[in-house]
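> Pasting data20.cif here (mmCIF, C-alpha atoms):
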```cif
data_query
loop_
_atom_site.label_atom_id
_atom_site.label_comp_id
_atom_site.auth_asym_id
_atom_site.auth_seq_id
_atom_site.Cartn_x
_atom_site.Cartn_y
_atom_site.Cartn_z
CA MET C 1072 59.43 129.26 124.76
CA GLY C 1073 62.88 127.68 124.71
CA LEU C 1074 63.45 123.92 124.77
CA GLY C 1075 65.10 124.04 128.23
CA ALA C 1076 62.24 126.00 129.70
CA ARG C 1077 59.72 123.56 128.19
CA ARG C 1078 61.61 120.61 129.72
CA ARG C 1079 61.87 122.31 133.10
CA LYS C 1080 58.16 122.85 132.99
CA SER C 1081 57.44 119.24 132.14
CA GLY C 1082 59.75 118.14 135.00
CA VAL C 1083 61.95 115.82 132.88
CA THR C 1084 65.72 115.97 133.55
CA PRO C 1085 67.65 116.24 130.22
CA LYS C 1086 70.00 113.31 129.61
CA LEU C 1087 73.25 113.40 127.70
CA MET C 1088 73.31 110.82 124.89
CA LEU C 1089 76.69 109.21 125.37
CA THR C 1090 76.20 106.11 123.21
CA SER C 1091 77.07 107.77 119.91
CA MET C 1092 80.11 109.43 121.47
CA MET C 1093 81.17 106.05 122.85
CA ASP C 1094 80.91 104.57 119.35
CA MET C 1095 83.09 107.32 117.95
CA PHE C 1096 85.71 106.90 120.67
CA THR C 1097 85.76 103.13 120.14
CA ILE C 1098 86.47 103.62 116.42
CA VAL C 1099 89.22 106.16 117.14
CA LEU C 1100 90.72 103.88 119.77
CA LEU C 1101 90.78 100.88 117.42
CA PHE C 1102 92.37 102.94 114.64
CA LEU C 1103 95.05 104.24 116.98
CA LEU C 1104 95.74 100.77 118.33
CA CYS C 1105 96.22 99.51 114.76
CA SER C 1106 98.68 102.27 113.89
CA LEU C 1107 100.57 101.86 117.16
CA SER C 1108 104.21 101.06 116.53
CA ASP C 1109 106.44 99.31 119.01
CA ARG C 1110 109.01 102.04 118.54
CA VAL C 1111 108.85 105.74 117.87
CA GLU C 1112 110.34 106.97 114.57
CA THR C 1113 113.44 109.05 115.23
CA ILE C 1114 113.52 110.47 111.71
CA LYS C 1115 111.56 113.68 111.49
CA LEU C 1116 109.94 114.46 108.16
CA ASP C 1117 110.28 118.18 107.47
CA LYS C 1118 108.36 120.21 104.93
CA ASP C 1119 111.27 120.13 102.51
CA LEU C 1120 111.99 116.45 102.92
CA ASP C 1121 110.02 114.01 100.80
CA LEU C 1122 111.27 110.44 101.01
CA PRO C 1123 110.95 108.03 98.06
CA ARG C 1124 108.72 104.98 98.43
CA SER C 1125 110.18 101.49 98.42
CA SER C 1126 109.26 97.87 98.97
CA ALA C 1127 112.07 97.55 101.54
CA GLU C 1128 111.14 95.92 104.81
CA ILE C 1129 114.32 96.35 106.81
CA ARG C 1130 114.28 98.62 109.83
CA TYR C 1131 116.91 101.29 110.07
CA ASP C 1132 119.41 101.17 112.93
CA GLN C 1133 119.82 103.94 115.45
CA ASN C 1134 123.05 105.16 113.90
CA LEU C 1135 124.42 108.46 112.73
CA LYS C 1136 121.93 110.21 110.45
CA LEU C 1137 122.93 112.17 107.41
CA VAL C 1138 119.96 114.25 106.30
CA LEU C 1139 119.85 115.94 102.90
CA THR C 1140 116.70 118.01 102.52
CA ARG C 1141 115.89 120.34 99.62
CA SER C 1142 117.47 123.26 101.50
CA GLN C 1143 120.10 121.91 103.87
CA LEU C 1144 122.50 119.14 104.80
CA MET C 1145 122.55 117.96 108.41
CA ILE C 1146 124.31 115.40 110.56
CA ASP C 1147 121.67 114.31 113.07
CA ASP C 1148 120.27 117.72 114.10
CA GLU C 1149 123.37 119.79 113.36
CA LYS C 1150 123.21 121.89 110.20
CA ILE C 1151 126.35 121.40 108.13
CA ALA C 1152 125.66 123.23 104.86
CA GLU C 1153 123.00 124.90 102.81
CA VAL C 1154 121.72 123.41 99.58
CA LYS C 1155 120.86 125.89 96.84
CA ASN C 1156 119.90 125.09 93.25
CA GLY C 1157 120.98 121.47 93.66
CA LYS C 1158 124.41 122.44 95.00
CA ILE C 1159 125.78 121.91 98.48
CA ASN C 1160 127.57 125.05 99.65
CA GLY C 1161 131.04 124.34 101.02
CA VAL C 1162 131.43 120.93 99.38
CA ASP C 1163 133.90 121.01 96.51
CA GLU C 1164 133.62 117.99 94.23
CA ASN C 1165 137.38 118.06 93.60
CA ASP C 1166 138.39 118.44 97.24
CA LEU C 1167 135.84 116.61 99.38
CA LYS C 1168 138.23 116.33 102.33
CA ALA C 1169 138.24 120.13 102.76
CA SER C 1170 134.52 120.22 103.58
CA LEU C 1171 132.99 120.61 107.03
CA LEU C 1172 130.97 117.47 106.29
CA TYR C 1173 134.16 115.40 106.00
CA LYS C 1174 135.59 116.89 109.21
CA ARG C 1175 132.46 116.17 111.24
CA LEU C 1176 132.13 112.62 109.88
CA LYS C 1177 135.83 111.93 110.50
CA GLU C 1178 135.50 113.18 114.09
CA ASN C 1179 132.54 110.90 114.59
CA PHE C 1180 134.36 107.97 113.01
CA GLU C 1181 137.33 108.45 115.36
CA LYS C 1182 134.97 108.58 118.35
CA ASP C 1183 133.33 105.35 117.21
CA LYS C 1184 136.75 103.76 116.84
CA GLU C 1185 137.69 104.71 120.40
CA LYS C 1186 134.40 103.31 121.66
CA ALA C 1187 135.03 100.09 119.75
CA VAL C 1188 138.43 99.72 121.45
CA GLU C 1189 136.80 100.22 124.85
CA ASN C 1190 133.93 97.83 124.07
CA PRO C 1191 135.27 95.04 121.80
CA GLU C 1192 131.79 93.48 121.56
CA GLU C 1193 130.55 96.45 119.52
CA LYS C 1194 133.48 96.19 117.15
CA THR C 1195 131.95 93.29 115.26
CA LYS C 1196 129.07 95.45 114.03
CA GLU C 1197 130.11 97.56 111.09
CA GLN C 1198 129.07 101.16 111.41
CA GLN C 1199 126.46 102.28 108.89
CA ILE C 1200 125.14 105.73 108.19
CA VAL C 1201 121.40 106.27 107.88
CA PHE C 1202 121.07 108.47 104.80
CA VAL C 1203 117.84 110.44 104.72
CA CYS C 1204 117.48 112.21 101.38
CA ASP C 1205 114.79 114.11 99.51
CA LYS C 1206 113.59 112.18 96.47
CA SER C 1207 114.11 115.07 94.06
CA HIS C 1208 117.91 115.25 94.47
CA GLU C 1209 120.06 114.27 91.54
CA PHE C 1210 122.77 111.64 91.83
CA ARG C 1211 125.43 114.33 91.29
CA VAL C 1212 124.56 115.82 94.72
CA ILE C 1213 124.03 112.46 96.44
CA ASN C 1214 127.34 111.18 95.10
CA GLN C 1215 129.24 114.05 96.73
CA VAL C 1216 127.72 113.24 100.11
CA ILE C 1217 128.19 109.46 100.00
CA LYS C 1218 131.70 109.79 98.59
CA THR C 1219 132.64 112.13 101.43
CA ALA C 1220 131.17 109.67 103.94
CA GLY C 1221 133.15 106.86 102.31
CA LEU C 1222 136.37 108.88 102.59
CA ALA C 1223 135.62 109.50 106.27
CA GLY C 1224 135.34 105.75 106.88
CA TYR C 1225 131.67 104.99 106.29
CA PRO C 1226 131.28 102.91 103.10
CA ASN C 1227 127.99 101.31 104.19
CA PHE C 1228 124.66 103.06 104.16
CA GLN C 1229 121.04 102.58 105.01
CA PHE C 1230 118.90 104.69 102.69
CA ALA C 1231 115.76 105.79 104.51
CA VAL C 1232 112.57 105.23 102.50
CA LEU C 1233 108.85 105.26 103.10
CA GLN C 1234 107.23 101.85 103.12
CA GLN C 1235 104.94 101.28 100.14
CA MET E 139 70.16 105.69 152.32
CA SER E 140 72.92 107.83 150.90
CA ALA E 141 72.40 109.88 147.74
CA PHE E 142 75.01 107.81 145.86
CA LEU E 143 73.26 104.50 146.58
CA ARG E 144 69.93 106.03 145.64
CA LEU E 145 71.39 107.15 142.32
CA LYS E 146 72.91 103.71 141.73
CA ARG E 147 69.63 101.97 142.45
CA LYS E 148 67.82 104.36 140.14
CA GLU E 149 70.32 103.59 137.36
CA MET E 150 69.90 99.86 137.84
CA GLU E 151 66.15 100.28 137.70
CA ASP E 152 66.44 102.27 134.48
CA GLY E 153 68.64 99.53 132.97
CA GLU E 154 71.19 102.01 131.55
CA PRO E 155 74.87 101.56 132.39
CA ASN E 156 76.81 104.59 133.53
CA LEU E 157 79.10 105.38 130.58
CA VAL E 158 80.83 108.39 132.10
CA PRO E 159 83.77 106.46 133.69
CA ILE E 160 84.39 104.62 130.41
CA MET E 161 84.36 107.93 128.57
CA ASN E 162 86.88 109.29 131.05
CA MET E 163 89.12 106.30 130.46
CA PHE E 164 88.92 106.81 126.68
CA LEU E 165 89.83 110.45 127.09
CA VAL E 166 93.01 109.41 128.88
CA ILE E 167 93.94 106.57 126.49
CA ILE E 168 93.36 108.44 123.21
CA PRO E 169 95.85 111.31 123.78
CA PHE E 170 98.42 108.75 124.95
CA LEU E 171 97.94 106.64 121.81
CA LEU E 172 97.98 109.75 119.60
CA MET E 173 101.40 110.61 120.97
CA SER E 174 102.88 107.17 120.40
CA ALA E 175 101.21 106.43 117.05
CA SER E 176 103.29 106.72 113.91
CA PHE E 177 101.42 107.56 110.74
CA TYR E 178 104.33 106.79 108.46
CA HIS E 179 106.66 103.80 108.47
CA ILE E 180 110.25 104.45 107.56
CA LYS E 181 112.31 101.51 106.35
CA ALA E 182 115.86 101.16 105.08
CA VAL E 183 117.57 100.03 101.90
CA ASN E 184 121.06 98.69 102.61
CA THR E 185 123.75 99.72 100.18
CA SER E 186 127.43 100.49 100.03
CA ILE E 187 129.95 102.30 97.89
CA PRO E 188 132.91 100.52 96.25
CA VAL E 189 135.93 99.96 98.50
CA LEU E 190 139.32 98.43 97.82
CA SER E 191 139.50 94.78 98.85
CA SER E 192 141.44 91.66 98.00
CA GLY E 193 139.72 89.92 95.12
CA ASP E 194 138.24 86.45 95.43
CA ALA E 195 138.29 84.84 92.03
CA GLY E 196 136.93 81.50 93.19
CA LYS E 197 137.47 78.11 91.63
CA ALA E 198 136.29 76.89 88.30
CA GLY E 199 133.27 74.66 88.59
CA GLU E 200 129.71 74.09 87.50
CA GLU E 201 127.45 76.84 86.21
CA ASP E 202 125.40 76.84 89.42
CA SER E 203 128.39 77.78 91.54
CA ILE E 204 129.55 80.66 89.32
CA SER E 205 128.68 84.06 90.66
CA LEU E 206 128.52 87.07 88.39
CA THR E 207 128.57 90.75 89.21
CA VAL E 208 126.01 92.66 87.23
CA VAL E 209 126.71 96.25 86.19
CA ALA E 210 123.68 98.46 85.50
CA GLU E 211 124.39 101.90 84.04
CA PHE E 212 121.51 104.35 84.05
CA LYS E 213 122.33 106.77 81.25
CA LYS E 214 120.15 109.66 80.07
CA GLU E 215 119.29 107.82 76.88
CA SER E 216 119.30 104.17 78.02
CA ILE E 217 119.94 101.48 80.62
CA ARG E 218 123.09 99.51 79.85
CA LEU E 219 123.50 96.10 81.41
CA SER E 220 126.62 93.97 81.48
CA VAL E 221 128.19 91.29 83.67
CA MET E 222 131.64 90.70 85.12
CA SER E 223 133.23 87.41 86.07
CA ASP E 224 136.69 85.91 86.08
CA ARG E 225 135.30 82.49 85.27
CA LEU E 226 133.40 83.16 82.07
CA THR E 227 134.81 83.73 78.62
CA ASP E 228 134.37 87.05 76.81
CA GLN E 229 131.86 85.41 74.50
CA GLU E 230 129.74 84.23 77.43
CA LEU E 231 129.92 87.66 79.04
CA GLN E 232 128.85 89.32 75.77
CA HIS E 233 125.69 87.19 75.84
CA PHE E 234 124.39 89.12 78.88
CA LYS E 235 125.12 92.58 77.51
CA ALA E 236 122.02 94.62 76.74
CA GLU E 237 120.93 98.18 76.21
CA TYR E 238 117.35 99.40 76.68
CA PRO E 239 116.60 102.93 75.41
CA THR E 240 114.56 105.29 77.57
CA VAL E 241 111.03 106.15 76.57
CA GLY E 242 110.29 109.89 76.65
CA ASP E 243 112.27 112.23 78.91
CA SER E 244 113.01 110.00 81.89
CA GLY E 245 110.99 106.86 81.27
CA PHE E 246 113.49 104.19 82.09
CA PRO E 247 112.37 100.77 80.79
CA ILE E 248 112.37 99.30 84.30
CA ASP E 249 110.35 96.21 83.26
CA LYS E 250 112.93 95.16 80.68
CA TYR E 251 115.71 95.85 83.17
CA SER E 252 113.96 93.66 85.76
CA SER E 253 113.33 90.78 83.36
CA HIS E 254 116.98 90.86 82.19
CA LEU E 255 118.12 90.61 85.81
CA LYS E 256 115.76 87.69 86.35
CA ASP E 257 117.32 85.87 83.37
CA ILE E 258 120.83 86.33 84.76
CA LYS E 259 119.76 85.18 88.22
CA ALA E 260 118.03 82.12 86.76
CA LYS E 261 121.20 81.10 84.91
CA TYR E 262 123.64 81.93 87.72
CA PRO E 263 121.72 81.69 91.01
CA LYS E 264 124.82 82.26 93.15
CA SER E 265 125.14 85.82 91.84
CA GLU E 266 124.33 88.35 94.53
CA THR E 267 125.98 91.63 93.64
CA LEU E 268 124.81 94.40 91.35
CA ILE E 269 126.75 97.60 90.76
CA LEU E 270 124.41 100.46 90.01
CA ILE E 271 125.97 103.39 88.13
CA PRO E 272 123.44 106.19 87.72
CA ASP E 273 123.97 109.19 85.50
CA ASN E 274 124.62 112.48 87.35
CA SER E 275 121.14 113.71 86.45
CA THR E 276 119.30 110.58 87.64
CA ASP E 277 117.03 111.47 90.54
CA TYR E 278 117.08 109.69 93.90
CA GLU E 279 113.58 108.25 93.44
CA THR E 280 114.66 106.45 90.24
CA ILE E 281 117.79 105.14 91.99
CA ILE E 282 115.70 103.69 94.82
CA ARG E 283 113.32 102.12 92.27
CA ALA E 284 116.24 100.58 90.40
CA MET E 285 117.63 99.23 93.68
CA ASP E 286 114.23 97.77 94.59
CA MET E 287 113.99 96.02 91.22
CA ALA E 288 117.54 94.71 91.56
CA ARG E 289 116.95 93.29 95.03
CA LYS E 290 113.60 91.61 94.42
CA ALA E 291 111.20 90.66 91.66
CA GLY E 292 107.93 89.71 93.31
CA ASP E 293 108.88 87.16 95.95
CA VAL E 294 112.14 86.16 94.25
CA THR E 295 115.34 87.60 95.66
CA LEU E 296 117.67 88.66 92.85
CA PHE E 297 120.73 90.67 93.87
CA PRO E 298 120.59 91.61 97.56
CA ASN E 299 123.96 93.40 97.51
CA VAL E 300 123.52 96.61 95.57
CA VAL E 301 126.62 98.79 95.33
CA LEU E 302 126.09 102.40 94.31
CA SER E 303 128.87 103.91 92.27
CA GLY E 304 129.58 107.04 90.29
CA SER E 305 130.62 106.64 86.69
CA ALA E 306 134.34 106.63 86.06
CA GLY E 307 135.68 109.67 84.21
#
```
Have the structure of the file written as C-alpha cells, please.


Amino acid sequence: MGLGARRRKSGVTPKLMLTSMMDMFTIVLLFLLCSLSDRVETIKLDKDLDLPRSSAEIRYDQNLKLVLTRSQLMIDDEKIAEVKNGKINGVDENDLKASLLYKRLKENFEKDKEKAVENPEEKTKEQQIVFVCDKSHEFRVINQVIKTAGLAGYPNFQFAVLQQ
Amino acid sequence: MSAFLRLKRKEMEDGEPNLVPIMNMFLVIIPFLLMSASFYHIKAVNTSIPVLSSGDAGKAGEEDSISLTVVAEFKKESIRLSVMSDRLTDQELQHFKAEYPTVGDSGFPIDKYSSHLKDIKAKYPKSETLILIPDNSTDYETIIRAMDMARKAGDVTLFPNVVLSGSAG
C-alpha cells in the first residue's frame, strides 16, 4: 500500500513542510542583498577576457571602452580588429594613424569636442578611455593600442581590473 | 461562516502561521535580486601616457619640498630604478639608482622594488610621479601589479601618478 493511500485511509490531510524552504530562501535572500550593487556593471566579461586583479578602489567612469580580449579588439561593442598570436590585425606599429582603430577613436574625439563646445560645463572634465584588457597580453600589444589612443587625443586611461 | 474564515480560525487554533504568502513574496524578490546582483566588482587604475607639456622646474628649497620623478624599467633580466629631478645634483641622483635582477623566468623582485620606492618617498614626500617602462614581453598582469605597488604600500600612498611608457629606441 502506498503512503498516500495509507494517509487517505487514516483521514489525515498531508501538509507541506514550508519551514525548511523558508530557511533556504532567507539565506539566499540575505546573500543576494549583500552582493547587491548600487549600479550594474557595464563591462561584460567574455570567455576570452580575464582581467588582472588589483587593490584599486576607484570606480570606472561611463566613458568610451576599449576592449582587448584574447581574440579581438573592440570599441564599446563594435569589433575593430582581430587579435591572432599576440598581434592585432590591421595595426601597423610604424604607421598607427593608418589603422581603423585610430580613425574610429579620432571620430569619437571630434564628436566629444563638438559636445564640449555645446556644453562648456562638460569641458572641464578630461576625457578618459576605459581600457579593458586580458591579463595575458604583452606590453608590445598594449603599447600599440594606448599609443594609438594617445595619438587620437586620449592620453588618459582607466585600466579596468577586478577588485582583490 | 464562510469557508475562508473557517480556514483562518482553524489555522489560528493550530498555532501555525500561513507561510505561503511569504514564500510567494520571496519568489518575486529573489529573481529581481538575481538580475541586479553583480558577482564581480570591476575597479579602475588611473594612468596616462607621456604627453608634451611645458616643464615646471620649481624653485630651490628644502628637501621636503623637492619632488622627484621615479623611473622604473621592467627589463627581462631585472628591474632598473632611477630618479629624475632638476634640483638634485648628479651625485644625489646616483644615490637612488638601483637594479634588482629577476629570479627565475619572470619572477620580478617586487618586494625590493616596493621597499626602494618607500625609501624614495620617505626622503622626498612631495614626489608623486612614477614613469613605468615595461619591456615589450612584460605581461599586463605584471604591469598592473607594478602599478599597484607604485601607488600604495599598505596604507601609505607612494606615487599616485603612474605614467606608462614604452622604452625609447

> Please return, as a PyMOL selection string, all residues of chain E lying within 9 Å of chain C when all atoms listed in the file are considered.

chain E and resi 157-158+160-161+164-165+167-168+171-172+174-189+272-283+286+290+302-304

> Starting from the shown file, work through the PyMOL selection byres ((chain C and resi 1140-1149) around 8) and note down what comes out as a VMD selection string.

chain C and resid 1119 to 1121 1135 to 1139 1150 to 1155 1157 1159 1203 to 1205 1207 to 1208

> Using all atoms listed in the file, which of C:Met1095, C:Leu1087, C:Val1216, C:Tyr1173 sits nearest Lys1158 of chain C?

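Answer, going by the shortest atom-to-atom distance: C:Val1216.
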
> Return as a PDB file with C-alpha atoms, in the frame of the given file the set of residues that the PyMOL selection byres ((chain E and resi 255-265) around 6) yields on the displayed structure.


```pdb
ATOM      1  CA  ASP E 202     125.400  76.840  89.420  1.00  0.00           C
ATOM      2  CA  SER E 203     128.390  77.780  91.540  1.00  0.00           C
ATOM      3  CA  SER E 205     128.680  84.060  90.660  1.00  0.00           C
ATOM      4  CA  LEU E 206     128.520  87.070  88.390  1.00  0.00           C
ATOM      5  CA  SER E 252     113.960  93.660  85.760  1.00  0.00           C
ATOM      6  CA  SER E 253     113.330  90.780  83.360  1.00  0.00           C
ATOM      7  CA  HIS E 254     116.980  90.860  82.190  1.00  0.00           C
ATOM      8  CA  GLU E 266     124.330  88.350  94.530  1.00  0.00           C
TER       9      GLU E 266
END
```

> If I take atom CA of Lys213 of chain E and atom CA of Gly245 of chain E, how far is one from the other in Å, to one decimal?

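Pair atom CA of Lys213 of chain E / atom CA of Gly245 of chain E returns 11.3 Å.
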
> Could you check which of C:Thr1219, C:Asn1134, C:Gln1198, C:Asn1179 is closest to Leu1167 of chain C, using only C-alpha atoms?

C:Thr1219

> Care to translate the PyMOL selection byres ((chain E and resi 298) around 7) into actual residues of this file, as a list in words?

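Output from the PyMOL selection byres ((chain E and resi 298) around 7), applied to this file: Glu266, Thr267, Arg289, Thr295, Leu296, Phe297, Asn299 and Val300 of chain E.
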
> Provide the atom CA of Lys1177 of chain C to atom CA of Gly1224 of chain C distance in Å, to one decimal place.

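Rounded to one decimal, the two atoms are 7.2 Å apart.
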
> Quote the spacing between atom CA of Ser1170 of chain C and atom CA of Glu1185 of chain C in Å to one decimal place.

23.1 Å

> Complete segment 221-237 of chain E with N, CA and C atoms (output as an mmCIF file, keeping the file's coordinate frame).


```cif
data_model
loop_
_atom_site.group_PDB
_atom_site.id
_atom_site.type_symbol
_atom_site.label_atom_id
_atom_site.label_comp_id
_atom_site.auth_asym_id
_atom_site.auth_seq_id
_atom_site.Cartn_x
_atom_site.Cartn_y
_atom_site.Cartn_z
ATOM 1 N N VAL E 221 127.786 92.129 82.530
ATOM 2 C CA VAL E 221 128.190 91.290 83.670
ATOM 3 C C VAL E 221 129.710 91.174 83.729
ATOM 4 N N MET E 222 130.196 90.897 84.931
ATOM 5 C CA MET E 222 131.640 90.700 85.120
ATOM 6 C C MET E 222 131.847 89.373 85.840
ATOM 7 N N SER E 223 132.847 88.650 85.372
ATOM 8 C CA SER E 223 133.230 87.410 86.070
ATOM 9 C C SER E 223 134.588 86.957 85.553
ATOM 10 N N ASP E 224 135.376 86.424 86.477
ATOM 11 C CA ASP E 224 136.690 85.910 86.080
ATOM 12 C C ASP E 224 136.573 84.517 85.471
ATOM 13 N N ARG E 225 135.427 83.894 85.640
ATOM 14 C CA ARG E 225 135.300 82.490 85.270
ATOM 15 C C ARG E 225 134.528 82.240 83.984
ATOM 16 N N LEU E 226 134.094 83.323 83.351
ATOM 17 C CA LEU E 226 133.400 83.160 82.070
ATOM 18 C C LEU E 226 134.246 83.750 80.941
ATOM 19 N N THR E 227 134.057 83.222 79.774
ATOM 20 C CA THR E 227 134.810 83.730 78.620
ATOM 21 C C THR E 227 134.158 85.034 78.135
ATOM 22 N N ASP E 228 134.896 85.786 77.335
ATOM 23 C CA ASP E 228 134.370 87.050 76.810
ATOM 24 C C ASP E 228 133.076 86.837 76.036
ATOM 25 N N GLN E 229 133.042 85.721 75.308
ATOM 26 C CA GLN E 229 131.860 85.410 74.500
ATOM 27 C C GLN E 229 130.635 85.193 75.398
ATOM 28 N N GLU E 230 130.850 84.484 76.507
ATOM 29 C CA GLU E 230 129.740 84.230 77.430
ATOM 30 C C GLU E 230 129.283 85.534 78.095
ATOM 31 N N LEU E 231 130.265 86.384 78.412
ATOM 32 C CA LEU E 231 129.920 87.660 79.040
ATOM 33 C C LEU E 231 129.138 88.559 78.078
ATOM 34 N N GLN E 232 129.525 88.512 76.803
ATOM 35 C CA GLN E 232 128.850 89.320 75.770
ATOM 36 C C GLN E 232 127.365 88.956 75.669
ATOM 37 N N HIS E 233 127.064 87.698 75.949
ATOM 38 C CA HIS E 233 125.690 87.190 75.840
ATOM 39 C C HIS E 233 124.730 87.948 76.762
ATOM 40 N N PHE E 234 125.262 88.444 77.911
ATOM 41 C CA PHE E 234 124.390 89.120 78.880
ATOM 42 C C PHE E 234 124.394 90.647 78.731
ATOM 43 N N LYS E 235 125.116 91.130 77.724
ATOM 44 C CA LYS E 235 125.120 92.580 77.510
ATOM 45 C C LYS E 235 123.801 93.009 76.871
ATOM 46 N N ALA E 236 123.279 94.127 77.340
ATOM 47 C CA ALA E 236 122.020 94.620 76.740
ATOM 48 C C ALA E 236 121.922 96.121 76.937
ATOM 49 N N GLU E 237 121.170 96.749 76.073
ATOM 50 C CA GLU E 237 120.930 98.180 76.210
ATOM 51 C C GLU E 237 119.460 98.453 75.891
#
```
